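Novice: Next comes the structure file entry-v9.cif, holding mmCIF, C-alpha atoms and all ligand atoms.
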```
data_entry
loop_
_atom_site.label_atom_id
_atom_site.label_comp_id
_atom_site.auth_asym_id
_atom_site.auth_seq_id
_atom_site.Cartn_x
_atom_site.Cartn_y
_atom_site.Cartn_z
CA MET L 684 -8.73 43.09 -9.55
CA THR L 685 -5.41 44.29 -10.91
CA GLN L 686 -5.51 41.59 -13.57
CA LEU L 687 -9.01 42.66 -14.63
CA LYS L 688 -8.04 46.32 -14.71
CA GLY L 689 -5.01 45.37 -16.78
CA ASN L 690 -7.46 43.81 -19.23
CA ASP L 691 -9.45 47.06 -19.46
CA PHE L 692 -12.32 45.99 -17.24
CA GLU L 693 -13.99 48.60 -15.09
CA VAL L 694 -13.67 47.11 -11.59
CA VAL L 695 -15.66 48.19 -8.56
CA HIS L 696 -14.96 46.66 -5.17
CA ASP L 697 -17.78 45.95 -2.75
CA SER L 698 -20.24 47.92 -4.83
CA ALA L 699 -23.57 48.83 -3.32
CA GLU L 700 -24.97 48.97 -6.84
CA GLU L 701 -26.55 45.89 -8.35
CA ASP L 702 -26.26 46.77 -12.00
CA ALA L 703 -22.86 45.36 -13.00
CA ASN L 704 -22.53 43.07 -16.01
CA VAL L 705 -20.50 40.58 -14.03
CA VAL L 706 -20.39 39.98 -10.29
CA ILE L 707 -17.51 38.02 -8.75
CA ILE L 708 -17.88 36.96 -5.13
CA ASN L 709 -14.77 36.05 -3.17
CA THR L 710 -15.77 33.73 -0.33
CA CYS L 711 -14.50 32.48 3.01
CA GLY L 712 -15.12 28.91 4.13
CA PHE L 713 -13.33 28.86 7.48
CA ILE L 714 -16.04 28.57 10.15
CA ASP L 715 -19.82 28.45 10.27
CA ARG L 716 -20.40 32.21 10.49
CA ALA L 717 -18.05 32.98 7.61
CA LYS L 718 -19.70 30.31 5.47
CA GLU L 719 -23.13 31.69 6.29
CA GLU L 720 -22.07 35.20 5.29
CA SER L 721 -20.58 33.90 2.04
CA ILE L 722 -23.69 31.89 1.16
CA ASN L 723 -26.02 34.78 1.97
CA THR L 724 -24.01 37.03 -0.34
CA ILE L 725 -24.16 34.46 -3.14
CA LEU L 726 -27.93 34.07 -2.66
CA GLN L 727 -28.40 37.85 -2.68
CA TYR L 728 -26.73 38.08 -6.09
CA ALA L 729 -28.48 34.92 -7.36
CA ASP L 730 -31.71 36.88 -6.80
CA VAL L 731 -30.30 39.89 -8.60
CA LYS L 732 -29.36 37.64 -11.50
CA ASN L 733 -32.82 36.06 -11.56
CA LYS L 734 -34.27 39.56 -11.90
CA GLY L 735 -32.08 40.02 -14.95
CA ASP L 736 -30.00 42.87 -13.48
CA ILE L 737 -26.66 41.14 -13.99
CA ASP L 738 -25.44 38.89 -16.79
CA LYS L 739 -22.95 36.62 -15.07
CA LEU L 740 -22.29 35.53 -11.51
CA TYR L 741 -19.02 33.88 -10.52
CA VAL L 742 -17.88 32.61 -7.13
CA THR L 743 -14.29 32.07 -6.07
CA GLY L 744 -12.27 31.61 -2.86
CA CYS L 745 -12.25 29.16 0.00
CA LEU L 746 -15.93 28.24 0.18
CA SER L 747 -16.02 27.19 -3.45
CA GLN L 748 -12.70 25.37 -3.04
CA ARG L 749 -14.17 23.37 -0.17
CA TYR L 750 -17.78 22.79 -1.24
CA ARG L 751 -17.84 23.24 -5.01
CA ASP L 752 -19.93 20.16 -5.83
CA ASP L 753 -22.60 20.96 -3.24
CA LEU L 754 -22.72 24.60 -4.25
CA GLU L 755 -23.04 23.79 -7.96
CA GLU L 756 -26.03 21.63 -7.16
CA GLU L 757 -27.66 24.01 -4.67
CA ILE L 758 -27.16 27.37 -6.40
CA PRO L 759 -27.51 26.85 -10.17
CA GLU L 760 -27.75 30.62 -10.75
CA VAL L 761 -23.96 30.80 -10.36
CA ASP L 762 -22.33 30.53 -13.78
CA ALA L 763 -19.09 29.01 -12.49
CA PHE L 764 -17.25 28.29 -9.26
CA PHE L 765 -13.45 28.57 -8.95
CA GLY L 766 -11.04 27.24 -6.34
CA THR L 767 -8.36 29.21 -4.52
CA LEU L 768 -5.70 28.62 -7.18
CA GLU L 769 -7.85 29.13 -10.26
CA LEU L 770 -7.43 32.81 -11.01
CA PRO L 771 -6.21 32.08 -14.57
CA SER L 772 -9.37 30.03 -15.26
CA LEU L 773 -11.58 32.80 -13.88
CA LEU L 774 -9.83 35.31 -16.13
CA ALA L 775 -10.17 32.97 -19.11
CA LYS L 776 -13.92 32.78 -18.46
CA LEU L 777 -13.99 36.58 -18.79
CA GLU L 778 -11.85 36.39 -21.93
CA ALA L 779 -9.08 38.21 -20.07
CA ASP L 780 -5.39 37.28 -20.19
CA TYR L 781 -3.36 36.45 -17.13
CA LYS L 782 -0.64 39.11 -17.35
CA HIS L 783 2.59 38.04 -15.68
CA GLU L 784 3.92 41.58 -15.81
CA LEU L 785 1.21 42.56 -13.33
CA ILE L 786 2.44 40.20 -10.62
CA GLY L 787 3.39 42.36 -7.63
CA GLU L 788 1.08 45.17 -8.75
CA ARG L 789 -1.78 45.69 -6.36
CA TRP L 790 -5.10 47.45 -6.48
CA THR L 791 -5.85 47.74 -2.78
CA THR L 792 -9.25 48.12 -1.20
CA THR L 793 -7.85 49.51 2.05
CA PRO L 794 -7.28 53.25 2.60
CA GLN L 795 -4.30 54.48 0.61
CA HIS L 796 -1.91 54.63 3.57
CA PHE L 797 -1.91 50.99 4.65
CA ALA L 798 -1.95 47.62 2.93
CA TYR L 799 -1.95 43.97 3.85
CA LEU L 800 1.01 42.03 2.49
CA LYS L 801 0.51 38.29 2.29
CA ILE L 802 3.90 36.68 2.69
CA SER L 803 2.89 33.06 2.29
CA GLU L 804 -0.08 30.88 1.53
CA GLY L 805 -1.22 27.67 3.21
CA CYS L 806 -0.18 25.98 6.44
CA ASN L 807 1.74 22.84 7.40
CA ARG L 808 0.37 22.67 10.94
CA THR L 809 -2.24 20.17 11.98
CA CYS L 810 -4.39 22.00 14.55
CA SER L 811 -7.32 19.67 15.03
CA PHE L 812 -10.06 22.30 14.70
CA CYS L 813 -8.74 24.06 11.62
CA ALA L 814 -10.05 23.73 8.08
CA ILE L 815 -7.57 26.17 6.56
CA PRO L 816 -5.03 23.59 5.35
CA LEU L 817 -7.93 21.79 3.59
CA MET L 818 -8.65 24.90 1.57
CA ARG L 819 -5.30 26.61 1.30
CA GLY L 820 -3.01 23.60 1.12
CA LYS L 821 0.59 23.32 2.29
CA HIS L 822 2.70 26.32 3.21
CA ILE L 823 4.17 28.18 0.23
CA SER L 824 6.34 31.22 0.98
CA ARG L 825 6.74 34.05 -1.47
CA THR L 826 10.31 35.13 -2.14
CA ILE L 827 11.85 38.07 -0.34
CA ASP L 828 12.53 39.72 -3.72
CA SER L 829 8.92 39.55 -4.84
CA LEU L 830 7.66 40.87 -1.50
CA VAL L 831 10.13 43.76 -1.52
CA GLN L 832 9.07 44.60 -5.08
CA GLU L 833 5.43 44.60 -4.05
CA ALA L 834 6.23 46.73 -0.97
CA LYS L 835 8.05 49.26 -3.19
CA ASN L 836 5.07 49.44 -5.53
CA LEU L 837 2.75 49.97 -2.58
CA ALA L 838 5.01 52.62 -1.01
CA ARG L 839 5.11 54.47 -4.33
CA ARG L 840 1.32 54.64 -4.21
CA GLY L 841 1.33 56.15 -0.70
CA VAL L 842 1.29 53.12 1.58
CA LYS L 843 3.05 53.86 4.88
CA GLU L 844 2.06 50.80 6.90
CA LEU L 845 2.50 47.20 5.79
CA ILE L 846 0.50 44.61 7.66
CA LEU L 847 2.16 41.26 7.15
CA ILE L 848 -0.22 38.35 7.10
CA ALA L 849 0.06 34.62 6.55
CA GLN L 850 -1.75 31.61 7.89
CA GLU L 851 1.42 30.96 9.90
CA LEU L 852 3.98 33.75 9.91
CA THR L 853 6.82 32.00 11.77
CA TYR L 854 7.12 29.23 9.17
CA TYR L 855 8.08 31.80 6.53
CA GLY L 856 11.08 30.68 4.45
CA LEU L 857 11.34 27.10 5.70
CA ASP L 858 10.04 25.77 2.39
CA ILE L 859 11.98 27.94 -0.06
CA TYR L 860 15.09 28.94 1.92
CA LYS L 861 15.25 25.83 4.17
CA GLN L 862 15.32 28.07 7.23
CA ARG L 863 12.93 30.39 9.03
CA SER L 864 13.50 33.70 7.28
CA LEU L 865 11.10 36.23 8.77
CA PRO L 866 13.99 38.26 10.29
CA GLU L 867 15.65 38.57 6.85
CA LEU L 868 12.35 39.55 5.28
CA LEU L 869 11.76 42.21 7.94
CA ARG L 870 15.22 43.65 7.35
CA ALA L 871 14.58 43.82 3.59
CA LEU L 872 11.15 45.40 4.00
CA SER L 873 12.50 47.90 6.52
CA ALA L 874 14.81 49.23 3.84
CA VAL L 875 11.88 50.17 1.58
CA GLU L 876 11.63 53.92 1.44
CA GLY L 877 8.24 55.32 2.43
CA ILE L 878 7.24 52.40 4.61
CA GLU L 879 7.16 53.50 8.24
CA TRP L 880 5.31 50.76 10.08
CA ILE L 881 5.50 47.00 9.57
CA ARG L 882 3.03 44.97 11.61
CA LEU L 883 2.98 41.24 12.25
CA HIS L 884 -0.18 39.14 12.32
CA TYR L 885 -0.76 35.45 13.04
CA ALA L 886 2.27 33.81 14.55
CA TYR L 887 2.04 30.21 15.74
CA PRO L 888 3.47 29.95 19.27
CA SER L 889 5.03 26.46 19.27
CA LYS L 890 8.80 26.59 18.62
CA PHE L 891 8.49 30.31 18.05
CA PRO L 892 11.74 31.74 16.57
CA VAL L 893 12.52 34.21 19.37
CA GLU L 894 15.07 36.10 17.26
CA ILE L 895 12.01 37.83 15.78
CA PHE L 896 11.83 39.78 19.04
CA ASP L 897 15.46 40.88 18.64
CA VAL L 898 14.68 42.12 15.14
CA MET L 899 11.60 43.90 16.46
CA ALA L 900 13.66 45.63 19.12
CA GLU L 901 16.39 46.49 16.59
CA LEU L 902 14.36 47.78 13.63
CA PRO L 903 12.36 50.92 14.40
CA LYS L 904 9.93 50.37 11.52
CA VAL L 905 8.81 46.99 12.85
CA CYS L 906 5.95 47.77 15.21
CA ASN L 907 6.29 46.48 18.75
CA TYR L 908 3.18 44.49 18.10
CA LEU L 909 2.55 40.79 17.68
CA ASP L 910 -0.64 38.90 16.99
CA ILE L 911 -0.06 35.43 18.36
CA PRO L 912 -3.23 33.30 18.46
CA LEU L 913 -2.88 31.04 21.52
CA GLN L 914 -6.30 29.34 21.33
CA HIS L 915 -6.28 28.01 24.91
CA ALA L 916 -4.39 27.74 28.19
CA SER L 917 -5.45 24.35 29.54
CA ASP L 918 -2.86 21.69 28.70
CA ALA L 919 -5.59 19.10 28.17
CA VAL L 920 -7.41 21.31 25.67
CA LEU L 921 -4.19 22.38 23.94
CA HIS L 922 -3.36 18.69 23.55
CA ARG L 923 -6.78 17.89 22.06
CA MET L 924 -6.33 20.88 19.76
CA ARG L 925 -2.93 19.46 18.71
CA ARG L 926 -1.24 22.79 19.31
CA GLN L 927 2.13 21.26 20.22
CA ILE L 928 2.63 23.61 23.15
CA THR L 929 1.93 23.57 26.89
CA LEU L 930 0.82 26.34 29.22
CA LYS L 931 4.28 26.44 30.80
CA GLU L 932 5.93 26.88 27.38
CA THR L 933 3.40 29.54 26.45
CA LYS L 934 4.14 31.50 29.63
CA ALA L 935 7.89 31.22 29.01
CA LEU L 936 7.45 32.55 25.48
CA ILE L 937 5.44 35.55 26.68
CA ALA L 938 8.03 36.27 29.36
CA THR L 939 10.82 36.19 26.74
CA ALA L 940 8.81 38.42 24.42
CA ARG L 941 8.20 41.02 27.13
CA GLU L 942 11.79 40.91 28.28
CA LYS L 943 13.20 41.43 24.79
CA VAL L 944 10.62 44.05 23.72
CA PRO L 945 9.54 45.81 26.92
CA ASN L 946 6.67 47.84 25.41
CA LEU L 947 5.41 45.02 23.21
CA VAL L 948 1.68 45.03 22.48
CA LEU L 949 0.45 41.43 22.45
CA ARG L 950 -2.70 40.50 20.64
CA THR L 951 -4.15 37.00 20.86
CA THR L 952 -7.29 35.04 20.14
CA PHE L 953 -8.82 32.15 22.05
CA LEU L 954 -11.19 29.41 20.98
CA VAL L 955 -13.92 28.57 23.48
CA GLY L 956 -16.29 25.60 23.51
CA PHE L 957 -13.83 23.14 21.98
CA PRO L 958 -15.10 19.52 22.29
CA GLY L 959 -14.87 18.35 25.88
CA GLU L 960 -13.96 21.79 27.29
CA THR L 961 -15.04 21.62 30.93
CA GLU L 962 -15.91 24.56 33.15
CA ALA L 963 -12.64 23.94 35.03
CA GLU L 964 -10.62 24.04 31.78
CA PHE L 965 -12.38 27.23 30.75
CA GLN L 966 -11.68 28.70 34.17
CA GLU L 967 -7.99 27.91 33.65
CA LEU L 968 -8.14 29.98 30.49
CA LEU L 969 -9.79 32.91 32.31
CA ASP L 970 -7.15 32.75 35.06
CA PHE L 971 -4.40 32.80 32.44
CA ILE L 972 -5.92 35.87 30.74
CA LYS L 973 -6.20 37.71 34.08
CA GLU L 974 -2.65 36.82 35.02
CA THR L 975 -1.06 37.65 31.67
CA GLU L 976 -2.98 40.84 30.95
CA PHE L 977 -2.81 40.73 27.17
CA ASP L 978 -3.22 44.06 25.44
CA ARG L 979 -5.75 42.79 22.91
CA VAL L 980 -7.86 39.64 22.99
CA GLY L 981 -10.45 38.14 20.66
CA ALA L 982 -12.71 35.15 21.34
CA PHE L 983 -13.98 32.65 18.79
CA GLN L 984 -16.58 30.00 19.43
CA TYR L 985 -15.68 26.50 18.26
CA SER L 986 -17.18 25.57 14.90
CA HIS L 987 -17.45 21.83 14.13
CA GLU L 988 -15.88 21.50 10.67
CA GLU L 989 -16.05 18.34 8.60
CA ASN L 990 -12.76 16.75 7.50
CA THR L 991 -10.83 18.28 10.41
CA SER L 992 -9.54 15.80 12.97
CA ALA L 993 -11.61 17.40 15.76
CA TYR L 994 -14.69 16.42 13.75
CA ASP L 995 -14.26 12.93 15.19
CA LEU L 996 -14.80 14.36 18.68
CA GLU L 997 -18.26 15.11 19.96
CA ASP L 998 -19.25 18.79 19.62
CA ASP L 999 -20.60 18.61 23.15
CA VAL L 1000 -20.52 22.19 24.43
CA PRO L 1001 -24.00 23.60 23.71
CA ALA L 1002 -24.19 26.71 21.50
CA GLU L 1003 -25.54 28.86 24.35
CA GLU L 1004 -22.67 27.77 26.57
CA LYS L 1005 -20.13 28.62 23.87
CA GLN L 1006 -21.67 32.07 23.59
CA ALA L 1007 -21.74 32.48 27.38
CA ARG L 1008 -18.07 31.52 27.67
CA ALA L 1009 -17.07 33.90 24.87
CA ASN L 1010 -18.97 36.68 26.67
CA ARG L 1011 -17.36 35.89 30.03
CA LEU L 1012 -13.94 35.90 28.44
CA MET L 1013 -14.52 39.24 26.77
CA GLU L 1014 -15.83 40.74 30.02
CA VAL L 1015 -12.58 39.80 31.74
CA GLN L 1016 -10.60 41.35 28.91
CA GLN L 1017 -12.75 44.49 28.85
CA GLU L 1018 -11.67 45.31 32.39
CA ILE L 1019 -7.99 44.72 31.51
CA SER L 1020 -8.30 46.81 28.36
CA LEU L 1021 -9.91 49.69 30.26
CA GLN L 1022 -7.10 49.73 32.83
CA LYS L 1023 -4.43 49.62 30.14
CA ASN L 1024 -6.11 52.42 28.19
CA GLN L 1025 -6.49 54.59 31.28
CA ALA L 1026 -2.79 54.18 31.98
CA MET L 1027 -2.17 55.85 28.61
CA ILE L 1028 -3.88 59.11 29.64
CA GLY L 1029 -1.41 61.98 29.63
CA GLN L 1030 1.07 60.20 27.34
CA ILE L 1031 1.93 61.21 23.78
CA TYR L 1032 1.70 58.67 20.94
CA LYS L 1033 2.46 58.67 17.25
CA VAL L 1034 -0.88 58.07 15.55
CA LEU L 1035 -1.67 57.19 11.95
CA VAL L 1036 -4.88 58.92 10.93
CA ASP L 1037 -7.17 56.42 9.19
CA ARG L 1038 -10.29 58.44 8.44
CA LYS L 1039 -12.59 61.27 9.39
CA GLU L 1040 -15.89 60.22 10.84
CA GLY L 1041 -18.45 62.80 11.92
CA ASN L 1042 -16.72 65.24 14.24
CA PHE L 1043 -13.68 63.05 14.78
CA PHE L 1044 -10.48 62.08 13.10
CA VAL L 1045 -9.96 58.39 13.82
CA GLY L 1046 -6.47 56.90 13.98
CA ARG L 1047 -4.33 54.20 15.53
CA THR L 1048 -1.15 53.94 17.57
CA GLU L 1049 1.65 51.50 16.73
CA GLY L 1050 -0.09 49.08 19.11
CA ASP L 1051 -3.29 48.93 17.09
CA SER L 1052 -4.16 47.13 13.90
CA PRO L 1053 -7.06 48.27 11.69
CA GLU L 1054 -10.54 46.94 12.41
CA VAL L 1055 -9.57 44.66 15.30
CA ASP L 1056 -7.88 46.94 17.84
CA ASN L 1057 -8.37 50.23 19.66
CA GLU L 1058 -8.83 53.56 17.91
CA VAL L 1059 -7.79 57.06 18.85
CA LEU L 1060 -10.45 59.72 18.38
CA VAL L 1061 -9.44 63.34 17.94
CA ASN L 1062 -12.00 66.15 17.85
CA ALA L 1063 -12.00 67.50 14.29
CA GLU L 1064 -13.37 70.91 15.26
CA GLU L 1065 -10.42 71.62 17.53
CA ASN L 1066 -7.62 69.79 15.68
CA TYR L 1067 -6.71 69.74 12.04
CA LEU L 1068 -5.28 66.41 10.90
CA ARG L 1069 -4.86 64.87 7.47
CA VAL L 1070 -6.06 61.36 6.73
CA GLY L 1071 -3.06 59.17 5.93
CA ASP L 1072 -0.62 61.32 7.91
CA PHE L 1073 1.08 60.58 11.18
CA ALA L 1074 0.44 62.96 14.08
CA MET L 1075 1.62 63.19 17.67
CA ILE L 1076 -1.42 62.86 19.89
CA LYS L 1077 -1.69 63.32 23.63
CA VAL L 1078 -4.23 60.94 25.16
CA THR L 1079 -6.73 62.90 27.23
CA ASP L 1080 -9.33 60.25 28.03
CA ALA L 1081 -9.91 56.52 27.56
CA SER L 1082 -12.74 54.02 27.50
CA ASP L 1083 -12.69 50.20 27.17
CA TYR L 1084 -11.62 50.14 23.54
CA ASP L 1085 -11.23 53.78 22.51
CA LEU L 1086 -8.79 56.53 23.32
CA PHE L 1087 -9.46 60.24 23.03
CA GLY L 1088 -6.73 62.72 22.38
CA ALA L 1089 -5.54 66.06 21.07
CA LEU L 1090 -2.87 67.08 18.61
CA VAL L 1091 0.48 67.94 20.13
CA ASP L 1092 2.71 68.44 17.16
CA LYS L 1093 2.53 67.18 13.60
CA GLU L 1094 5.31 64.90 12.36
S1 LIG L 1101 -1.45 27.17 12.56
FE1 LIG L 1101 -3.31 28.36 12.18
S2 LIG L 1101 -3.84 28.02 10.00
FE2 LIG L 1101 -2.35 26.46 10.59
S3 LIG L 1101 -3.60 24.67 11.12
FE3 LIG L 1101 -3.17 25.81 13.04
S4 LIG L 1101 -4.91 27.25 13.30
FE4 LIG L 1101 -4.95 26.48 11.15
#
```
Take the structure in the file and give it back as structure tokens.
Ligand code: SF4
Specialist:
Amino acid sequence: MTQLKGNDFEVVHDSAEEDANVVIINTCGFIDRAKEESINTILQYADVKNKGDIDKLYVTGCLSQRYRDDLEEEIPEVDAFFGTLELPSLLAKLEADYKHELIGERWTTTPQHFAYLKISEGCNRTCSFCAIPLMRGKHISRTIDSLVQEAKNLARRGVKELILIAQELTYYGLDIYKQRSLPELLRALSAVEGIEWIRLHYAYPSKFPVEIFDVMAELPKVCNYLDIPLQHASDAVLHRMRRQITLKETKALIATAREKVPNLVLRTTFLVGFPGETEAEFQELLDFIKETEFDRVGAFQYSHEENTSAYDLEDDVPAEEKQARANRLMEVQQEISLQKNQAMIGQIYKVLVDRKEGNFFVGRTEGDSPEVDNEVLVNAEENYLRVGDFAMIKVTDASDYDLFGALVDKE
């Protein structure tokens, strides 16, 4: 989007209007539901194009990287498909130049006060269920310098929270610096003026570099928050998933994390219905969740993806059973989440105000990432807050996934 703007295009993100000259759809090709959503969006705009309301329709991103030939055949209304590394070709199609001076400049689609910062692309792991390396290739880290530059640009535009993302965060630096360098990156980003929160998403648990917890404890700007997708707890399933970790090692890692960062908020995701997952193996997972009491949990249902190594296994857990297991898992977590939220009543938290919605200001604590975690609701008739500001909020009530609070003192 920044490149197009730099070429004097008028760019609108996620427009509800259907009267643009050119529509570019960025797709996901990860699992069945994401592919379905991507295809439905392409078909919606193919219709719009057939009606003559738009001139050109282009598709880019992971779905077109993975299935370009099929898509070209099935949806001829699309003028061209581009893979994940073909931004220059897409720009050339629009007669726009790829401007190197714009690298590191961002036009964000998130609210002004937070931004995602992608620190690397691709993944060198070989998890048997995962199609990401097929689409995104091998791990490529961005340099610390370029990320700091981008963070400075974002901070200058009002960003206060950086949400670091990567397919695999802990591998950062191994390719370009020959050593895991996330701690160094965090130190460098912490020095950027204006940035107040730095949040970590998607860390692979096997051989986890535990010094990250020391850095988290040491640097106040690094949120005491870690998203560490664990996928399963049964050793047999973890082995079939090729996760290179056992339940015992996982438990030891969590114990270390909680010891080094006592108020750490742990977020994880689990995959249910993996080929051959028995009721007993699933039960092992539920027991692990009850015992560990994660702060945040998400559940995915296994999606049988061609060209992954798990594709050779039989997708033998019926769809209804996958759904039932995901529901059972989330019910267990709901109870845990409610208890944890209720324990917050009466305490004061620093909250970043994301938006105003109806009669409420809606924000998040340091332990909550946008869209996926809890929110703090503050009555807008009784409290005056500013979107994008931090505020000290006393929690007065709590439900499963929401907290309610009142302003104590503005920062
Ligand atoms: S670490 Fe994550 S992105 Fe990489 S292969 Fe495993 S699940 Fe996929």
Novice: Just checking: using all atoms listed in the file, which residue out of L:His696, L:Lys776, L:His922, L:Lys821 ends up closest to ligand LIG 1101 (chain L)?
Specialist: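 Ranking L:His696, L:Lys776, L:His922, L:Lys821 by distance to ligand LIG 1101 (chain L), first place goes to L:Lys821.
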Novice: In Å, how far is it from CA of Leu1086 in chain L to CA of Arg1047 in chain L?
Specialist: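 CA of Leu1086 in chain L sits 9.3 Å away from CA of Arg1047 in chain L.
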Novice: Hey, which residues sit close to ligand LIG 1101 (chain L)? Say within 9 Å, counting all atoms listed in the file, and write them as a list of chain:residue names.
Specialist: L:Gly805, L:Cys806, L:Asn807, L:Arg808, L:Thr809, L:Cys810, L:Ser811, L:Phe812, L:Cys813, L:Ala814, L:Ile815, L:Pro816, L:Arg819, L:His822, L:Ala849, L:Gln850, L:Glu851, L:Leu852, L:Tyr885, L:Ala886, L:Tyr887, L:Pro888, L:Pro912, L:Gln914, L:Met924, L:Arg925, L:Arg926
Novice: Ile846 in chain L: which residues within 9 Å, counting only C-alpha atoms, same-chain residues fewer than 5 positions away excluded, as a PyMOL selection string?
Specialist: chain L and resi 797-801+880-884+1052
Novice: Padding 6 Å on every side, please: axis-aligned box over the listed atoms of range 723-730 of chain L, centre and edge lengths to one decimal in Å, as AutoDock Vina command-line options.
Specialist:
```
--center_x -27.9 --center_y 36.1 --center_z -2.7 --size_x 19.7 --size_y 16.0 --size_z 21.3
```
Novice: Could you give me, as a CSV table (one decimal) with C-alpha atoms, in the coordinates of the input, the residues within 12 Å of Asp1056 in chain L, counting only C-alpha atoms and dropping anything in the same chain fewer than 6 positions from it?
Specialist:
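Final output, selection15.csv:
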```csv
chain,number,residue,atom,x,y,z
L,908,TYR,CA,3.2,44.5,18.1
L,910,ASP,CA,-0.6,38.9,17.0
L,948,VAL,CA,1.7,45.0,22.5
L,949,LEU,CA,0.4,41.4,22.4
L,950,ARG,CA,-2.7,40.5,20.6
L,951,THR,CA,-4.2,37.0,20.9
L,978,ASP,CA,-3.2,44.1,25.4
L,979,ARG,CA,-5.8,42.8,22.9
L,980,VAL,CA,-7.9,39.6,23.0
L,981,GLY,CA,-10.4,38.1,20.7
L,1020,SER,CA,-8.3,46.8,28.4
L,1024,ASN,CA,-6.1,52.4,28.2
L,1046,GLY,CA,-6.5,56.9,14.0
L,1047,ARG,CA,-4.3,54.2,15.5
L,1048,THR,CA,-1.2,53.9,17.6
L,1049,GLU,CA,1.6,51.5,16.7
L,1050,GLY,CA,-0.1,49.1,19.1
L,1083,ASP,CA,-12.7,50.2,27.2
L,1084,TYR,CA,-11.6,50.1,23.5
L,1085,ASP,CA,-11.2,53.8,22.5
L,1086,LEU,CA,-8.8,56.5,23.3
```
Novice: Mind checking which residues fall within 12 Å of Asp780 in chain L, counting all atoms listed in the file, ignoring those fewer than 5 positions away in the same chain, and posting them as a JSON list (two decimals) with C-alpha atoms, in the coordinates of the input?
Specialist:
```json
[["chain", "number", "residue", "atom", "x", "y", "z"],
["L", 685, "THR", "CA", -5.41, 44.29, -10.91],
["L", 686, "GLN", "CA", -5.51, 41.59, -13.57],
["L", 687, "LEU", "CA", -9.01, 42.66, -14.63],
["L", 688, "LYS", "CA", -8.04, 46.32, -14.71],
["L", 689, "GLY", "CA", -5.01, 45.37, -16.78],
["L", 690, "ASN", "CA", -7.46, 43.81, -19.23],
["L", 691, "ASP", "CA", -9.45, 47.06, -19.46],
["L", 692, "PHE", "CA", -12.32, 45.99, -17.24],
["L", 770, "LEU", "CA", -7.43, 32.81, -11.01],
["L", 771, "PRO", "CA", -6.21, 32.08, -14.57],
["L", 772, "SER", "CA", -9.37, 30.03, -15.26],
["L", 773, "LEU", "CA", -11.58, 32.80, -13.88],
["L", 774, "LEU", "CA", -9.83, 35.31, -16.13],
["L", 775, "ALA", "CA", -10.17, 32.97, -19.11],
["L", 785, "LEU", "CA", 1.21, 42.56, -13.33]]
```
Novice: May I ask for the distance between CA of Glu879 in chain L and CA of Leu1021 in chain L, given in Å to one decimal place?
Specialist: 28.1 Å
Novice: What does the distance from CA of Arg789 in chain L to CA of Arg1069 in chain L come to in Å, to one decimal?
Specialist: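 Value for the CA of Arg789 in chain L-CA of Arg1069 in chain L distance: 23.8 Å.
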Novice: What's around Val1091 in chain L at 7 Å? Count all atoms listed in the file, leave out sequence neighbours fewer than 4 positions away in its own chain, and write the answer as an MDAnalysis selection string.
Specialist: chainID L and resid 1075:1077
Novice: With C-alpha atoms retained, export the selected residues as a PDB file, keeping the file's coordinate frame.
Specialist:
```pdb
ATOM      1  CA  MET L1075       1.620  63.190  17.670  1.00  0.00           C
ATOM      2  CA  ILE L1076      -1.420  62.860  19.890  1.00  0.00           C
ATOM      3  CA  LYS L1077      -1.690  63.320  23.630  1.00  0.00           C
TER       4      LYS L1077
END
```
Novice: Which is closer to Ala871 in chain L than all the others in L:Glu804, L:Asp828, L:Glu1054, L:Asp918, using only C-alpha atoms?
Specialist: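 Nearest candidate to Ala871 in chain L out of L:Glu804, L:Asp828, L:Glu1054, L:Asp918: L:Asp828.
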Novice: Could you tell me which of L:Lys718, L:Gln1025, L:Val955, L:Glu693 comes closest to Met1013 in chain L if we count all atoms listed in the file?
Specialist: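 Looking only at the distances to Met1013 in chain L, the closest residue turns out to be L:Val955.
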Novice: Nearest to Val893 in chain L: which of L:Ile859, L:Val742, L:Val905, L:Val944 is it, counting all atoms listed in the file?
Specialist: L:Val944
Novice: Can you list, as a ChimeraX atom specification, every protein, DNA or RNA residue that comes within 10 Å of Lys934 in chain L when you count all atoms listed in the file, leaving out same-chain residues fewer than 4 positions away?
Specialist: /L:916,929-930,938-940,971,975
Novice: My list of candidates is L:Thr961, L:Ser864, L:Asn733, L:Gln1016. Which is closest to Pro1001 in chain L when distances are computed with all atoms listed in the file?
Specialist: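 Between L:Thr961, L:Ser864, L:Asn733, L:Gln1016, the residue approaching Pro1001 in chain L most closely is L:Thr961.
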Novice: Please determine, counting all atoms listed in the file, which residue among L:Leu1012, L:Gln1030, L:Phe764, L:Gly1088 has the shortest atom-to-atom distance to Phe1043 in chain L.
Specialist: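 Closest candidate: L:Gly1088.
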Novice: At a cut-off of 7 Å around the point (-18.3, 37.8, -10.9) (file coordinates), what residues fall inside when counting only C-alpha atoms? I'd like the answer as an MDAnalysis selection string.
Specialist: chainID L and resid 705:708 739:742
Novice: Could you write out the selected residues, including C-alpha atoms, as a PDB file, in the frame of the given file?
Specialist:
```
ATOM      1  CA  VAL L 705     -20.500  40.580 -14.030  1.00  0.00           C
ATOM      2  CA  VAL L 706     -20.390  39.980 -10.290  1.00  0.00           C
ATOM      3  CA  ILE L 707     -17.510  38.020  -8.750  1.00  0.00           C
ATOM      4  CA  ILE L 708     -17.880  36.960  -5.130  1.00  0.00           C
ATOM      5  CA  LYS L 739     -22.950  36.620 -15.070  1.00  0.00           C
ATOM      6  CA  LEU L 740     -22.290  35.530 -11.510  1.00  0.00           C
ATOM      7  CA  TYR L 741     -19.020  33.880 -10.520  1.00  0.00           C
ATOM      8  CA  VAL L 742     -17.880  32.610  -7.130  1.00  0.00           C
TER       9      VAL L 742
END
```
